[in-house]
Structures are given as structure tokens and as C-alpha cells.
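One structure below.
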Amino acid sequence: MSEARTIAHPNLALSKYWGKREGSLERVPAVPSLSVTLGGLATRTFVRFDASLVDDRVLIGGEEARGEARARVVGVVDRVRAAAGEKRRVLVESANDFPTASGLASSASAFAALALAGVRAAGLDWDAARVSDLARRGSVSAARSVFGGYVELDAGGESARPVAPCDHMPLAVLVCVTTDQRKAIGSTEGMRTTMERSPYAHAWLDAAPRLHAELRAALLARDFEHVGELAEASALAMHACAIAAGVVYWNGATIDTLAAVRALRGAGTPVYATVDAGPHVKVLARASEAARVRDAMRAAPGVERVIEARPGEGARLVDEVIT
Ligand code: PMV
């Protein structure tokens with residue numbers, strides 16, 4: 001068996017990873033992070049080692065990948081080849097069923113699905129922790145998407161680990177896609193610039209582990225409101241640090257959406273916001289209040305559409321055909 005099909009989901013960091021370990025070329029996070037894997041949105045990936053191929057082929061969303069995107073995929077496949085003694089060239093086909101401009105890190109689901117498919121296609125019997133370590137070489141956040149539910153990755157960590165299952169805390173994530181989609185600065189470049197230039201880089205490196213530890217404890221206690229407050233604090237601290245280095249992911253609609261979340265909260269609904277390396281706002285709500293919060297966010301100025309997600313499973317093998 002030299003081929004495998006997998007599926008993996010994106011994840012949303014509640015306590016954020018921002019910054020790599022100094023001097024590390026290996027994508028090692030400088031701070032711990034805790035995320036929730038998001039069901040309903042998926043990357044499907046097919047990998048085949050094929051003796052008839054003269055070069056590696058990487059198709060993303062039906063299009064031939066080139067340059068840096070292709071190199072990152074081939075870099076992960078090269079590690080699989082080295083471990084398995086595999087000499088054949090590879091065909092990789094990967095497709096997302098959610099819009100890449102949705103502000104959900106497609107690299108997380110993409111590299112989690114790729115790592116698992118590559119390992120299985122090469123006949124390696126690696127456990128999930130080893131697959132997670134491999135996925136991290138493509139994108140740090142991908143290490144977390146190998147697992148389902150609530151997942152953490154230590155500072156300096158090589159592989160992520162599950163913290164609590166999907167049904168641990170009934171959460172809804174409402175991804176508010178904002179208008180004005182300029183091309184965002186990539187996360188690798190954004191965090192490098194932040195660490196080099198932000199006068200608040202040390203403050204972030206100091207605060208992030210504390211926010212993470214508190215958030216982890218609140219999650220284990222199923223304290224939704226405290227988890228939400230800390231998730232919002234983590235995102236605001238990360239962006240304040242980045243903005244001070246001139247790394248600005250927000251636009252006017254981001255600010256308006258954050259204000260709409262605060263207004264809802266002021267009116268008595270426990271909702272909290274988080275933002276990643278882009279202008280979109282992700283709103284955390286209790287699952288029981290998701291429909292009402294979704295309607296309120298749809299009406300907020302600057303919100304183009306709202307995508308609803310719930311905690312989901314980790315990366316896994318599938319039999320289905322990519323469409
Ligand atoms: O690992 P990357 O390159 O996808 O970076 C992820 C950065 C954030 O999404 C902003 C935070 C996180 O922990 O996912």
C-alpha cells in the first residue's frame with residue numbers, strides 16, 4: 001500500500017502561539033498554545049508514492065503548487081521518505097472545503113492531513129504524537145490539528161497533546177468574515193518582524209505562558225466565561241505586541257466587529273472575540289446561544305458572512321474520493 005487519503009480540520013487557538021524559539025530553523029514555538037479543533041470545515045488530502053513519476057507533484061485545490069508552498073509540502077514528504085527509506089516521487093492532492101480567505105488557518109488542517117497521509121502511504125506505523133511532530137515542520141499550528149477537541153502545544157514542544165475531548169465544553173465558534181480582504185502578512189514573517197522589532201516582545205513572551213496556564217485551568221474547570229475572557233486577552237496581547245512592530249492584521253471592520261462583541265457582552269450575553277493573522281474576528285459563544293449570537297454578528301457593520309463551527313475530531317484516514 002503506497003497511498004493514503006486523510007481528512008483534517010483547522011483549529012482555533014484560544015491561547016495564541018506567536019513567535020518561534022530564537023535561532024530555531026525547525027518551527028519550534030516560543031510560547032505554549034491551546035486550541036480547539038473545528039469540525040465541519042476540512043482539508044482532504046491524498047498521497048501516493050509512485051515509481052512512474054519523474055518529479056514530485058503537488059496539487060492544492062486542483063492547481064499545481066509552486067515556489068514556497070510546494071517546497072513546504074515537499075519538505076514534509078522528504079522527512080517521511082528519509083524515515084521510510086522511500087525513494088519514489090510523490091503525488092500530493094489537497095483540497096479545502098472552506099474558503100481560504102475565511103481567516104481560518106488552512107495550513108493547520110493542510111499539514112496535519114499531509115503528515116498523516118504521508119506517514120501511512122509510506123507504511124510507517126507512527127503514533128499520533130510523532131505525526132504531530134512531523135506536521136509541526138510544515139506549520140506549528142498543524143501539530144495541534146492532528147488531535148481533536150481541545151489540544152495544547154508546549155513552548156519548545158515538538159508534538160501537541162489532547163487536553164479535553166470535543167464534548168468537554170459545549171462551545172460554538174462563529175467566524176465573522178470581515179470586508180476589505182487585503183493580503184495579510186504571512187504568520188512566519190509577521191512573527192519574525194514582531195520578535196525583532198516590537199518593544200513589547202519580552203512582555204508577550206512573559207505574559208503568554210501565564211495566560212495559557214490560566215486558560216488551561218479554566219477549561220478543565222469548564223468555566224466558559226473565564227476561558228472566553230482569557231482567550232480574548234491572549235489575542236489582544238498578541239496583536240498589541242505585533243502592532244507595535246508595525247505588523248497590523250486589523251482593518252476598520254475588525255475594530256467594528258470587536259465593538260459589536262463588546263456591546264453584546266455589555267447587554268448580558270457571554271461572548272468573546274479572538275483574532276488570528278488576518279482581519280477576521282472569531283466569536284466564542286455557548287453552543288446553546290449560537291443561533292442568537294450568529295444573527296447578531298451577521299447584523300454587525302463590516303461583517304460579510306458568518307461561518308459556524310463546533311469542536312471536531314483530529315486527523316484521520318478516510319476511504320472517500322476527493323471531489
Ligand atoms: O503555525 P502558523 O504559521 O499557522 O501560525 C499560527 C499563528 C496564529 O494562528 C495567529 C496563532 C495560533 O496559535 O494558531
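Just so we're on the same page: first chain in the C-alpha cells is A, next is B, and so on; residues restart at 1 for each chain, and ligands are numbered from 1 in the order they show up.
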Practice task
Quick one: pick out all strand (DSSP E or B) residues within stretch 83-301 of chain A from a backbone DSSP run and write them as an NGL selection string.
Solution key: :A and (89-96 or 150-153 or 161-164 or 171-178 or 272-275 or 281-286)
Handout entry: Surrounding residues of A:Arg136 excluding itself and chain neighbours under 4 positions, 10 Å, only C-alpha atoms, as a ChimeraX atom specification
Key = /A:26-29,76,108,111-112,115,130-132,140-146,157-160
Exercise for the section: May I have the residues within 10 Å of A:Val163 as a PyMOL selection string, using only C-alpha atoms and disregarding those fewer than 2 positions away in the same chain? Expected result: chain A and resi 34-36+147-153+160-161+165-166+168+216+219-220
Please write the residues from the selection above to a file, keeping N, CA and C atoms, as a tab-separated table (two decimals), in the first residue's frame.
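out_5.tsv, freshly written:
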```
chain	number	residue	atom	x	y	z
A	34	LEU	N	-3.02	26.74	23.24
A	34	LEU	CA	-4.12	25.78	23.45
A	34	LEU	C	-5.22	26.11	22.45
A	35	SER	N	-5.64	25.10	21.70
A	35	SER	CA	-6.60	25.36	20.63
A	35	SER	C	-7.78	24.41	20.71
A	36	VAL	N	-8.78	24.75	19.90
A	36	VAL	CA	-9.90	23.83	19.72
A	36	VAL	C	-9.94	23.48	18.24
A	147	PHE	N	-4.85	16.29	16.53
A	147	PHE	CA	-5.73	15.82	17.60
A	147	PHE	C	-7.08	16.54	17.55
A	148	GLY	N	-8.11	15.90	18.10
A	148	GLY	CA	-9.44	16.51	18.14
A	148	GLY	C	-9.69	17.18	19.48
A	149	GLY	N	-10.80	17.91	19.57
A	149	GLY	CA	-11.20	18.56	20.82
A	149	GLY	C	-10.26	19.69	21.18
A	150	TYR	N	-9.91	19.77	22.46
A	150	TYR	CA	-9.04	20.83	22.97
A	150	TYR	C	-7.62	20.27	23.07
A	151	VAL	N	-6.66	21.04	22.52
A	151	VAL	CA	-5.31	20.49	22.30
A	151	VAL	C	-4.28	21.52	22.72
A	152	GLU	N	-3.17	21.07	23.32
A	152	GLU	CA	-2.14	22.05	23.66
A	152	GLU	C	-0.78	21.66	23.11
A	153	LEU	N	0.04	22.69	22.94
A	153	LEU	CA	1.42	22.52	22.47
A	153	LEU	C	2.30	23.36	23.39
A	160	ALA	N	2.00	18.10	19.83
A	160	ALA	CA	0.89	18.57	20.65
A	160	ALA	C	0.30	17.38	21.42
A	161	ARG	N	-0.60	17.69	22.34
A	161	ARG	CA	-1.29	16.61	23.06
A	161	ARG	C	-2.72	17.03	23.36
A	165	PRO	N	-11.74	16.25	25.47
A	165	PRO	CA	-12.46	15.85	24.26
A	165	PRO	C	-13.44	16.93	23.78
A	166	CYS	N	-13.97	16.74	22.57
A	166	CYS	CA	-14.90	17.71	21.93
A	166	CYS	C	-16.05	18.13	22.82
A	168	HIS	N	-16.29	18.27	25.97
A	168	HIS	CA	-15.90	18.73	27.31
A	168	HIS	C	-16.60	20.04	27.68
A	216	ARG	N	-5.93	27.09	30.53
A	216	ARG	CA	-5.98	25.63	30.63
A	216	ARG	C	-6.79	25.21	31.87
A	219	LEU	N	-10.46	25.95	31.41
A	219	LEU	CA	-11.05	24.96	30.51
A	219	LEU	C	-11.32	23.66	31.25
A	220	LEU	N	-10.35	23.21	32.03
A	220	LEU	CA	-10.54	21.94	32.76
A	220	LEU	C	-11.69	22.08	33.77
```
Practice task
Select the residues contacting ligand 1 at a distance of at most 6 Å, based on only C-alpha atoms and all ligand atoms, then format the selection as a list of chain:residue names.
Solution key: A:Ala13, A:Lys16, A:Tyr17, A:Trp18, A:Ser33, A:Ala105, A:Ser107, A:Ala108, A:Ser139, A:Val140, A:Ser141, A:Ser187, A:Thr188, A:Asp276, A:Ala277
Pull N, CA and C atoms from the residues just selected and write them as a PDB file, in the first residue's frame.
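Once written, part_6.pdb looks like this:
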```
ATOM      1  N   ALA A  13      -6.792  28.842  17.942  1.00  0.00           N
ATOM      2  CA  ALA A  13      -6.032  28.952  19.188  1.00  0.00           C
ATOM      3  C   ALA A  13      -6.786  29.841  20.169  1.00  0.00           C
ATOM      4  N   LYS A  16      -2.765  31.944  22.297  1.00  0.00           N
ATOM      5  CA  LYS A  16      -2.079  32.029  20.999  1.00  0.00           C
ATOM      6  C   LYS A  16      -0.607  31.671  21.053  1.00  0.00           C
ATOM      7  N   TYR A  17      -0.172  31.024  19.988  1.00  0.00           N
ATOM      8  CA  TYR A  17       1.259  30.872  19.685  1.00  0.00           C
ATOM      9  C   TYR A  17       1.630  32.051  18.788  1.00  0.00           C
ATOM     10  N   TRP A  18       2.649  32.797  19.179  1.00  0.00           N
ATOM     11  CA  TRP A  18       3.163  33.870  18.301  1.00  0.00           C
ATOM     12  C   TRP A  18       4.634  34.037  18.635  1.00  0.00           C
ATOM     13  N   SER A  33       0.551  27.053  23.579  1.00  0.00           N
ATOM     14  CA  SER A  33      -0.741  27.436  22.996  1.00  0.00           C
ATOM     15  C   SER A  33      -1.761  26.340  23.261  1.00  0.00           C
ATOM     16  N   ALA A 105      -6.853  29.212   9.637  1.00  0.00           N
ATOM     17  CA  ALA A 105      -5.526  28.819   9.157  1.00  0.00           C
ATOM     18  C   ALA A 105      -5.625  27.503   8.400  1.00  0.00           C
ATOM     19  N   SER A 107      -3.341  26.246   6.734  1.00  0.00           N
ATOM     20  CA  SER A 107      -2.082  25.498   6.828  1.00  0.00           C
ATOM     21  C   SER A 107      -2.151  24.471   7.963  1.00  0.00           C
ATOM     22  N   ALA A 108      -2.943  24.726   8.988  1.00  0.00           N
ATOM     23  CA  ALA A 108      -3.034  23.784  10.111  1.00  0.00           C
ATOM     24  C   ALA A 108      -3.679  22.471   9.656  1.00  0.00           C
ATOM     25  N   SER A 139       3.902  23.596   9.657  1.00  0.00           N
ATOM     26  CA  SER A 139       3.268  24.762  10.266  1.00  0.00           C
ATOM     27  C   SER A 139       3.023  24.415  11.736  1.00  0.00           C
ATOM     28  N   VAL A 140       3.447  25.295  12.643  1.00  0.00           N
ATOM     29  CA  VAL A 140       3.352  24.966  14.073  1.00  0.00           C
ATOM     30  C   VAL A 140       1.916  24.622  14.465  1.00  0.00           C
ATOM     31  N   SER A 141       0.957  25.430  13.992  1.00  0.00           N
ATOM     32  CA  SER A 141      -0.430  25.188  14.394  1.00  0.00           C
ATOM     33  C   SER A 141      -0.942  23.830  13.896  1.00  0.00           C
ATOM     34  N   SER A 187       2.113  34.442   8.561  1.00  0.00           N
ATOM     35  CA  SER A 187       2.364  34.358  10.005  1.00  0.00           C
ATOM     36  C   SER A 187       3.857  34.233  10.318  1.00  0.00           C
ATOM     37  N   THR A 188       4.607  33.506   9.473  1.00  0.00           N
ATOM     38  CA  THR A 188       6.046  33.336   9.748  1.00  0.00           C
ATOM     39  C   THR A 188       6.745  34.692   9.714  1.00  0.00           C
ATOM     40  N   ASP A 276      -6.788  36.099  14.542  1.00  0.00           N
ATOM     41  CA  ASP A 276      -5.508  35.484  14.165  1.00  0.00           C
ATOM     42  C   ASP A 276      -4.754  36.386  13.185  1.00  0.00           C
ATOM     43  N   ALA A 277      -3.925  35.800  12.342  1.00  0.00           N
ATOM     44  CA  ALA A 277      -3.093  36.608  11.453  1.00  0.00           C
ATOM     45  C   ALA A 277      -3.876  37.059  10.227  1.00  0.00           C
TER      46      ALA A 277
END
```
Problem - Selection: 9 Å around A:His9, only C-alpha atoms, excl. self and same-chain fewer than 2 positions, as a VMD selection string - result: chain A and resid 7 11 37 to 44 106 108 to 110 112 to 113 145 to 146 148 312 to 315
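Of the residues under consideration (A:Leu114, A:Ile185, A:Ile243, A:Val306), A:Leu114 shows the shortest atom-to-atom contact distance to A:Ala95 when counting only C-alpha atoms.
In this structure, atom CA of A:Asp125 sits 26.8 Å away from atom CA of A:Val54.
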Practice task
Identify which of the residues A:Ala263, A:Val92, A:Val74, A:Val248 lies closest to A:Gly186, counting only C-alpha atoms when measuring atom-to-atom distances.
Solution key: A:Val248
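By chain and then residue number, the residues within 9 Å of stretch 230-239 of chain A are Ala13, Leu14, Ser15, Lys16, Tyr17, Trp18, Ala203, Trp204, Ala207, Ala208, Leu211, His212, Glu214, Leu215, Ala218, Glu225, Ala244, Val247, Val248, Tyr249, Trp250, Tyr272, Ala273, Thr274, Val275, Asp276, Ala277 and Leu284 of chain A, counting only C-alpha atoms and disregarding those fewer than 5 positions away in sequence.
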Practice task
Please give the complete set of residues from stretch 124-285 of chain A that DSSP, run on the backbone, assigns to helix (DSSP H, G or I), formatted as a PyMOL selection string.
Solution key: chain A and resi 128-138+142-145+166-168+187-197+201-220+224-243+252-266
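Nearest residue to A:Arg310 among A:Pro170, A:Gly246, A:Pro209, A:Gly67 is A:Pro170, counting only C-alpha atoms.
Separating atom CA of A:Gly156 from atom CA of A:Thr6 is a distance of 27.4 Å.
By chain and then residue number, the residues within 8 Å of A:Arg294 are Leu174, Ala290, Ala291, Arg292, Ala296, Met297, Arg298, Val306 and Glu308 of chain A, counting only C-alpha atoms and disregarding those fewer than 2 positions away in sequence.
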